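Here is the structure we will look at.
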Amino acid sequence: MAGNSTKRFLEQSVDKHYFKIKILKENFDDLYSPGSGVDLSNANDEVKDGISHMRSAIKEFVFKELYVKFYNDYGEHIRRGQIKQRLRELITDEVIDAAIFGKIDEVAIPAKPSTYFEKTKAFFAGHTRFSAA
């Protein structure tokens with residue numbers, strides 16, 4: 001579940017966090033080894049900041065998405081606090097790192113970030129205009 005949520009986050013955030021996701025994708029395989037986690041000791045400050053920020057954002061996104069799912073599924077029988085506590089215990093940095101490692105290569109990143117005009121054009125293309133007649 002964490003892997004699918006991570007992939008959704010990355011796909012939704014490519015425009016907003018283009019450079020951080022690009023840094024994450026280009027450097028994550030070199031810095032992560034299954035079992036030992038992420039080693040940022042040899043990375044420069046830009047890579048450290050980009051990866052740290054994205055890991056935190058992904059962890060928060062996964063937590064929120066799974067909380068809503070489990071609350072909808074089990075909210076009648078289990079209290080909110082218990083769901084939150086259990087998710088905090090389960091969603092560790094190691095889980096997030098493994099999810100990123102498993103899904104980062106599936107995320108398509110354009111060669112260059114989209115411009116403001118392209119974002120606006122895509123936004124309006126996805127919405128239907130209504131006349132005030």
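Lettering and numbering for the structure tokens are positional, with chains as A, B, ... in the shown order, residues counted from 1 in each chain, and ligands counted from 1 in the shown order.
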With region 93-101 of chain A as the partner and 12 Å as the cut-off, tabulate the residues of region 8-46 of chain A that qualify, each row holding the nearest pair of atoms and their distance in Å to one decimal, using only C-alpha atoms, sorted by chain and rising number, as a Markdown table.
| residue | atom | partner | partner_atom | distance |
| --- | --- | --- | --- | --- |
| A:Arg8 | CA | A:Ile100 | CA | 11.1 |
| A:Phe9 | CA | A:Ile100 | CA | 10.4 |
| A:Leu10 | CA | A:Ile100 | CA | 9.1 |
| A:Ile21 | CA | A:Ile100 | CA | 10.7 |
| A:Leu24 | CA | A:Ile100 | CA | 9.0 |
| A:Lys25 | CA | A:Ile100 | CA | 9.0 |
| A:Glu26 | CA | A:Phe101 | CA | 11.5 |
| A:Asn27 | CA | A:Phe101 | CA | 10.7 |
| A:Phe28 | CA | A:Phe101 | CA | 7.2 |
| A:Asp29 | CA | A:Phe101 | CA | 7.0 |
| A:Asp30 | CA | A:Phe101 | CA | 10.5 |
| A:Leu31 | CA | A:Phe101 | CA | 10.1 |
| A:Tyr32 | CA | A:Phe101 | CA | 7.5 |
| A:Ser33 | CA | A:Phe101 | CA | 8.9 |
| A:Pro34 | CA | A:Ala98 | CA | 7.2 |
| A:Gly35 | CA | A:Glu94 | CA | 8.5 |
| A:Ser36 | CA | A:Glu94 | CA | 8.8 |
| A:Gly37 | CA | A:Glu94 | CA | 6.3 |
| A:Val38 | CA | A:Asp97 | CA | 7.2 |
| A:Asp39 | CA | A:Asp97 | CA | 11.0 |
Selected residues, C-alpha atoms, written as a short mmCIF file (atom, residue, chain, number, x, y, z; two decimals), in the first residue's frame, please.
data_model
loop_
_atom_site.label_atom_id
_atom_site.label_comp_id
_atom_site.auth_asym_id
_atom_site.auth_seq_id
_atom_site.Cartn_x
_atom_site.Cartn_y
_atom_site.Cartn_z
CA ARG A 8 0.67 8.46 -6.68
CA PHE A 9 2.42 11.20 -4.69
CA LEU A 10 5.36 11.32 -7.08
CA ILE A 21 11.86 14.60 -7.62
CA LEU A 24 15.51 11.93 -5.87
CA LYS A 25 15.24 9.84 -9.03
CA GLU A 26 18.81 10.50 -10.19
CA ASN A 27 20.46 9.84 -6.82
CA PHE A 28 18.26 7.43 -4.88
CA ASP A 29 19.61 4.20 -6.35
CA ASP A 30 23.17 5.28 -5.50
CA LEU A 31 22.28 6.19 -1.92
CA TYR A 32 19.90 3.34 -1.04
CA SER A 33 20.71 -0.28 -0.50
CA PRO A 34 17.99 -2.71 0.64
CA GLY A 35 18.48 -3.63 4.26
CA SER A 36 20.82 -0.79 5.15
CA GLY A 37 18.62 2.16 4.09
CA VAL A 38 19.69 5.53 2.75
CA ASP A 39 23.22 6.79 3.32
#
Alpha helix (DSSP H) positions in region 18-107 of chain A, given as a VMD selection string
chain A and resid 18 to 31 45 to 74 80 to 90 93 to 103
Near region 68-73 of chain A, counting only C-alpha atoms, which residues have an atom at most 9 Å away, once you skip same-chain residues fewer than 6 positions from it, shown as a PDB file with all heavy atoms, in the first residue's frame?
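In the end it all went to out.pdb:
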ATOM      1  N   ARG A  79     -11.074   3.206  17.202  1.00  0.00           N
ATOM      2  CA  ARG A  79     -11.050   4.655  17.357  1.00  0.00           C
ATOM      3  C   ARG A  79      -9.953   5.291  16.510  1.00  0.00           C
ATOM      4  O   ARG A  79      -8.974   4.651  16.156  1.00  0.00           O
ATOM      5  CB  ARG A  79     -10.845   5.014  18.829  1.00  0.00           C
ATOM      6  CG  ARG A  79     -12.047   4.614  19.680  1.00  0.00           C
ATOM      7  CD  ARG A  79     -11.871   5.030  21.092  1.00  0.00           C
ATOM      8  NE  ARG A  79     -10.692   4.316  21.633  1.00  0.00           N
ATOM      9  CZ  ARG A  79     -10.094   4.630  22.753  1.00  0.00           C
ATOM     10  NH1 ARG A  79     -10.511   5.621  23.469  1.00  0.00           N
ATOM     11  NH2 ARG A  79      -9.053   3.940  23.171  1.00  0.00           N
ATOM     12  N   ARG A  80     -10.134   6.584  16.208  1.00  0.00           N
ATOM     13  CA  ARG A  80      -9.185   7.312  15.368  1.00  0.00           C
ATOM     14  C   ARG A  80      -7.776   7.296  15.940  1.00  0.00           C
ATOM     15  O   ARG A  80      -6.799   7.132  15.208  1.00  0.00           O
ATOM     16  CB  ARG A  80      -9.624   8.773  15.224  1.00  0.00           C
ATOM     17  CG  ARG A  80     -10.870   8.946  14.440  1.00  0.00           C
ATOM     18  CD  ARG A  80     -11.168  10.413  14.336  1.00  0.00           C
ATOM     19  NE  ARG A  80     -12.598  10.580  14.144  1.00  0.00           N
ATOM     20  CZ  ARG A  80     -13.191  11.719  14.036  1.00  0.00           C
ATOM     21  NH1 ARG A  80     -12.508  12.829  14.117  1.00  0.00           N
ATOM     22  NH2 ARG A  80     -14.485  11.785  13.855  1.00  0.00           N
ATOM     23  N   ILE A  83      -5.951   4.101  15.249  1.00  0.00           N
ATOM     24  CA  ILE A  83      -5.535   3.989  13.841  1.00  0.00           C
ATOM     25  C   ILE A  83      -4.291   4.833  13.608  1.00  0.00           C
ATOM     26  O   ILE A  83      -3.314   4.373  13.014  1.00  0.00           O
ATOM     27  CB  ILE A  83      -6.684   4.417  12.898  1.00  0.00           C
ATOM     28  CG1 ILE A  83      -7.858   3.447  13.007  1.00  0.00           C
ATOM     29  CG2 ILE A  83      -6.190   4.485  11.451  1.00  0.00           C
ATOM     30  CD1 ILE A  83      -9.108   3.883  12.277  1.00  0.00           C
TER      31      ILE A  83
END
Give me, as JSON, numbers by chain, all polymer residues having an atom no more than 12 Å from region 84-87 of chain A, counting only C-alpha atoms and skipping those fewer than 2 positions away in the same chain.
{"A": [1, 2, 59, 60, 62, 63, 64, 65, 66, 67, 68, 69, 70, 71, 75, 78, 79, 80, 81, 82, 89, 90, 91, 92, 95]}
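Note that DSSP on the backbone gives strand (DSSP E or B) to these residues of chain A: Tyr32, Ser33, Gly37 and Val38 of chain A.
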